[in-house]
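Quick notes on the structure that follows.
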Number of protein chains: 2
Amino acid sequence: MEKEYCRDFLVDFGDDGRVLIPVVVQDFVTKEVLILAYTNREAFEETLNSSLATFWSRSRNELWKKGLTSGDFLRVKEIRVNCEQNSLLYLVEPQGEGACHAKMENGKAFSSCFYRKLRLDGDILEFL
Amino acid sequence: MEKEYCRDFLVDFGDDGRVLIPVVVQDFVTKEVLILAYTNREAFEETLNSSLATFWSRSRNELWKKGLTSGDFLRVKEIRVNCEQNSLLYLVEPQGEGACHAKMENGKAFSSCFYRKLRLDGDILEFL
């Protein structure tokens with residue numbers, strides 16, 4: 001049976017499958033938002049086949065199975081699609097100790113890439 | 001004091017301020033992911049000034065203060081930025097009954113745009 005769902009049904013990856021769709025990655029248990037990344041059709045199908053979140057790296061222009069170098073794989077428990085079918089939400093169980101490539105002072109990875117709050121102080125926006 | 005933070009410090013909206021940055025919008029209390037939208041510099045500054053989530057509509061190519069027509073304003077309680085400073089996370093308190101323009105059968109708006117789960121059944125991906 002042909003996998004026609006990507007093109008015709010779910011999200012539009014384009015005729016060549018290379019259109020990038022943003023993916024919000026959220027911890028299935030804690031509900032923390034971990035990452036905003038991108039997928040094309042190849043990365044999406046690899047995610048479905050392996051149940052491990054796989055993205056398309058815009059900087060390296062290659063398939064990026066999250067955790068392959070760090071061990072911080074993200075097991076996908078649930079996939080949701082938005083109203084307009086142009087973004088995805090993956091609910092995941094982190095298999096390692098963190099999700100971000102940035103490290104805390106103790107050398108451990110941050111659990112989320114969104115580890116910096118901003119504060120508006122008058123006209124100045126500061127990191128907290 | 002000049003507002004130099006957008007260009008120099010936080011995220012790169014480009015020289016003309018029109019580069020679009022994805023924004024994950026999450027409910028401050030329930031942690032539900034509500035929307036994935038986009039901001040440019042103008043929409044970001046309007047968000048800071050009004051404390052109401054304001055985006056750039058890609059389809060209408062105009063400033064989009066969420067809730068202006070529906071009443072479903074989103075009050076921004078916290079702003080976070082990711083490691084690479086190319087995406088934002090807004091933690092919000094919905095001021096109306098929903099966040100999505102799509103409506104349930106009873107006519108009320110869905111609280112989140114990500115209201116459809118997907119199920120992989122063999123080779124077929126279905127909405128749940």
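Chain labels follow the order of the structure tokens: the first chain is A, the next B, and so on; residue numbering restarts at 1 in every chain, and ligands are counted from 1 in their shown order.
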Dump as a VMD selection string the residues of chain A that approach chain B to within 8 Å, counting only C-alpha atoms. chain A and resid 1 to 3 5 24 31 to 32 35 to 36 48 78 to 83 87 to 89 100 102 113 to 120 123 to 125
Write out as JSON, numbers by chain the residues lying within 12 Å of Leu68 in chain A, counting only C-alpha atoms and excluding same-chain residues fewer than 3 positions away. {"A": [52, 53, 54, 55, 63, 64, 65, 71, 72, 73, 74, 95, 96, 99, 101]}
Could those selected residues go to a file with N, CA, C and O atoms, as a compact mmCIF listing (two decimals), in the first residue's frame?
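What follows is the written file result-v4.txt:
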```
# COMPACT_ATOMS: atom_id res chain seq x y z
N LEU A 52 11.32 7.41 16.90
CA LEU A 52 12.28 8.35 17.49
C LEU A 52 12.25 9.64 16.68
O LEU A 52 12.35 9.61 15.44
N ALA A 53 12.11 10.76 17.38
CA ALA A 53 11.97 12.05 16.70
C ALA A 53 13.16 12.30 15.79
O ALA A 53 14.31 12.28 16.25
N THR A 54 12.86 12.52 14.53
CA THR A 54 13.89 12.75 13.52
C THR A 54 13.50 14.00 12.74
O THR A 54 12.36 14.15 12.32
N PHE A 55 14.46 14.90 12.60
CA PHE A 55 14.18 16.18 11.98
C PHE A 55 15.05 16.36 10.73
O PHE A 55 15.87 15.52 10.40
N LEU A 63 19.43 14.76 7.29
CA LEU A 63 18.56 14.12 8.25
C LEU A 63 19.22 14.16 9.63
O LEU A 63 20.43 13.96 9.75
N TRP A 64 18.43 14.41 10.64
CA TRP A 64 18.96 14.61 11.99
C TRP A 64 18.12 13.79 12.97
O TRP A 64 17.06 14.23 13.37
N LYS A 65 18.62 12.59 13.26
CA LYS A 65 17.95 11.79 14.27
C LYS A 65 18.42 12.29 15.63
O LYS A 65 19.56 12.06 16.03
N GLY A 71 22.95 10.66 22.62
CA GLY A 71 22.18 9.66 23.37
C GLY A 71 20.83 10.17 23.82
O GLY A 71 20.03 9.40 24.37
N ASP A 72 20.59 11.44 23.62
CA ASP A 72 19.33 12.04 24.09
C ASP A 72 18.20 11.85 23.06
O ASP A 72 17.61 12.81 22.56
N PHE A 73 17.90 10.56 22.79
CA PHE A 73 16.80 10.27 21.87
C PHE A 73 15.48 10.72 22.47
O PHE A 73 15.33 10.78 23.70
N LEU A 74 14.54 11.03 21.59
CA LEU A 74 13.19 11.43 22.02
C LEU A 74 12.19 10.44 21.44
O LEU A 74 11.96 10.41 20.23
N GLN A 95 14.74 10.00 26.23
CA GLN A 95 15.41 8.75 26.60
C GLN A 95 16.74 9.02 27.29
O GLN A 95 17.36 8.10 27.82
N GLY A 96 17.20 10.25 27.26
CA GLY A 96 18.46 10.60 27.90
C GLY A 96 18.22 11.59 29.03
O GLY A 96 17.14 11.63 29.61
N ALA A 99 17.51 17.49 26.38
CA ALA A 99 17.03 17.55 25.00
C ALA A 99 17.80 18.59 24.20
O ALA A 99 17.82 18.54 22.98
N HIS A 101 21.24 20.79 22.97
CA HIS A 101 22.68 20.57 22.82
C HIS A 101 23.46 21.52 23.73
O HIS A 101 24.64 21.30 23.98
```
I need the strand (DSSP E or B) residues of range 62-101 of chain B per DSSP on the backbone, written as an mmCIF file with N, CA, C and O atoms, in the first residue's frame.
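As written to disk, result-v3.cif reads:
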```cif
data_model
loop_
_atom_site.group_PDB
_atom_site.id
_atom_site.type_symbol
_atom_site.label_atom_id
_atom_site.label_comp_id
_atom_site.auth_asym_id
_atom_site.auth_seq_id
_atom_site.Cartn_x
_atom_site.Cartn_y
_atom_site.Cartn_z
ATOM 1 N N GLU B 62 -0.295 40.675 7.154
ATOM 2 C CA GLU B 62 -0.566 41.849 7.993
ATOM 3 C C GLU B 62 -0.422 41.485 9.459
ATOM 4 O O GLU B 62 -0.394 40.302 9.818
ATOM 5 N N LEU B 63 -0.326 42.512 10.289
ATOM 6 C CA LEU B 63 -0.258 42.324 11.732
ATOM 7 C C LEU B 63 -1.536 41.640 12.206
ATOM 8 O O LEU B 63 -2.632 41.981 11.745
ATOM 9 N N TRP B 64 -1.378 40.703 13.132
ATOM 10 C CA TRP B 64 -2.517 39.893 13.554
ATOM 11 C C TRP B 64 -2.532 39.835 15.080
ATOM 12 O O TRP B 64 -1.797 39.068 15.676
ATOM 13 N N LYS B 65 -3.325 40.739 15.656
ATOM 14 C CA LYS B 65 -3.475 40.677 17.119
ATOM 15 C C LYS B 65 -4.508 39.608 17.417
ATOM 16 O O LYS B 65 -5.703 39.786 17.199
ATOM 17 N N LEU B 74 -4.810 36.519 23.945
ATOM 18 C CA LEU B 74 -3.870 35.708 24.717
ATOM 19 C C LEU B 74 -2.913 36.640 25.459
ATOM 20 O O LEU B 74 -2.086 37.304 24.834
ATOM 21 N N ARG B 75 -3.068 36.706 26.771
ATOM 22 C CA ARG B 75 -2.208 37.578 27.572
ATOM 23 C C ARG B 75 -0.876 36.882 27.820
ATOM 24 O O ARG B 75 -0.842 35.768 28.327
ATOM 25 N N VAL B 76 0.205 37.552 27.471
ATOM 26 C CA VAL B 76 1.533 36.941 27.565
ATOM 27 C C VAL B 76 2.089 37.132 28.970
ATOM 28 O O VAL B 76 2.263 38.258 29.439
ATOM 29 N N LYS B 77 2.355 36.015 29.634
ATOM 30 C CA LYS B 77 2.869 36.041 31.003
ATOM 31 C C LYS B 77 4.383 35.887 31.039
ATOM 32 O O LYS B 77 5.044 36.320 31.970
ATOM 33 N N GLU B 78 4.909 35.208 30.046
ATOM 34 C CA GLU B 78 6.347 34.926 30.060
ATOM 35 C C GLU B 78 6.801 34.683 28.630
ATOM 36 O O GLU B 78 6.060 34.108 27.830
ATOM 37 N N ILE B 79 8.005 35.170 28.329
ATOM 38 C CA ILE B 79 8.603 34.931 27.011
ATOM 39 C C ILE B 79 9.920 34.196 27.213
ATOM 40 O O ILE B 79 10.733 34.579 28.058
ATOM 41 N N ARG B 80 10.104 33.145 26.453
ATOM 42 C CA ARG B 80 11.370 32.420 26.478
ATOM 43 C C ARG B 80 11.956 32.376 25.072
ATOM 44 O O ARG B 80 11.226 32.432 24.088
ATOM 45 N N VAL B 81 13.261 32.243 25.015
ATOM 46 C CA VAL B 81 13.948 32.143 23.722
ATOM 47 C C VAL B 81 14.771 30.854 23.718
ATOM 48 O O VAL B 81 15.258 30.418 24.760
ATOM 49 N N LEU B 88 10.792 31.411 19.551
ATOM 50 C CA LEU B 88 10.313 31.971 20.822
ATOM 51 C C LEU B 88 9.220 31.087 21.393
ATOM 52 O O LEU B 88 8.544 30.353 20.658
ATOM 53 N N LEU B 89 9.064 31.181 22.702
ATOM 54 C CA LEU B 89 7.980 30.497 23.405
ATOM 55 C C LEU B 89 7.244 31.532 24.243
ATOM 56 O O LEU B 89 7.864 32.220 25.059
ATOM 57 N N TYR B 90 5.949 31.671 23.979
ATOM 58 C CA TYR B 90 5.117 32.567 24.785
ATOM 59 C C TYR B 90 4.256 31.718 25.718
ATOM 60 O O TYR B 90 3.521 30.838 25.247
ATOM 61 N N LEU B 91 4.329 31.999 27.000
ATOM 62 C CA LEU B 91 3.427 31.367 27.959
ATOM 63 C C LEU B 91 2.300 32.352 28.214
ATOM 64 O O LEU B 91 2.547 33.500 28.619
ATOM 65 N N VAL B 92 1.072 31.922 27.958
ATOM 66 C CA VAL B 92 -0.046 32.864 27.903
ATOM 67 C C VAL B 92 -1.216 32.427 28.780
ATOM 68 O O VAL B 92 -1.357 31.252 29.116
ATOM 69 N N GLU B 93 -2.029 33.427 29.116
ATOM 70 C CA GLU B 93 -3.319 33.174 29.750
ATOM 71 C C GLU B 93 -4.412 33.538 28.748
ATOM 72 O O GLU B 93 -4.601 34.733 28.454
ATOM 73 N N PRO B 94 -5.140 32.544 28.219
ATOM 74 C CA PRO B 94 -6.225 32.852 27.291
ATOM 75 C C PRO B 94 -7.288 33.709 27.978
ATOM 76 O O PRO B 94 -7.692 33.411 29.102
#
```
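CA of Asp27 in chain B sits 18.0 Å away from CA of Thr39 in chain B.
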In chain A, what's helix (DSSP H, G or I) per DSSP? Answer as a PyMOL selection string? chain A and resi 5-10+41-50
File dump, residues just selected, C-alpha atoms, as a PDB file, in the first residue's frame:
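Generated output (out.pdb):
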```pdb
ATOM      1  CA  TYR A   5      -0.777  10.343   3.428  1.00  0.00           C
ATOM      2  CA  CYS A   6       2.027  12.854   3.581  1.00  0.00           C
ATOM      3  CA  ARG A   7       1.205  14.533   0.333  1.00  0.00           C
ATOM      4  CA  ASP A   8      -2.514  14.192   0.163  1.00  0.00           C
ATOM      5  CA  PHE A   9      -3.756  14.131   3.624  1.00  0.00           C
ATOM      6  CA  LEU A  10      -1.661  15.276   6.508  1.00  0.00           C
ATOM      7  CA  ARG A  41       8.748  14.026   4.347  1.00  0.00           C
ATOM      8  CA  GLU A  42      11.855  11.869   4.769  1.00  0.00           C
ATOM      9  CA  ALA A  43      12.340  12.916   8.405  1.00  0.00           C
ATOM     10  CA  PHE A  44       8.647  12.442   9.131  1.00  0.00           C
ATOM     11  CA  GLU A  45       8.586   8.918   7.706  1.00  0.00           C
ATOM     12  CA  GLU A  46      11.754   8.053   9.631  1.00  0.00           C
ATOM     13  CA  THR A  47      10.029   9.334  12.785  1.00  0.00           C
ATOM     14  CA  LEU A  48       7.016   7.114  12.103  1.00  0.00           C
ATOM     15  CA  ASN A  49       9.155   4.081  11.296  1.00  0.00           C
ATOM     16  CA  SER A  50      11.516   4.381  14.272  1.00  0.00           C
TER      17      SER A  50
END
```
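Residues in contact with Asn40 in chain B at 9 Å, where only C-alpha atoms are counted and same-chain residues fewer than 5 positions away are skipped, are listed as Phe13, Gly17, Arg18, Val19, Leu20, Ile21, Glu45, Phe55 and Trp56 of chain B.
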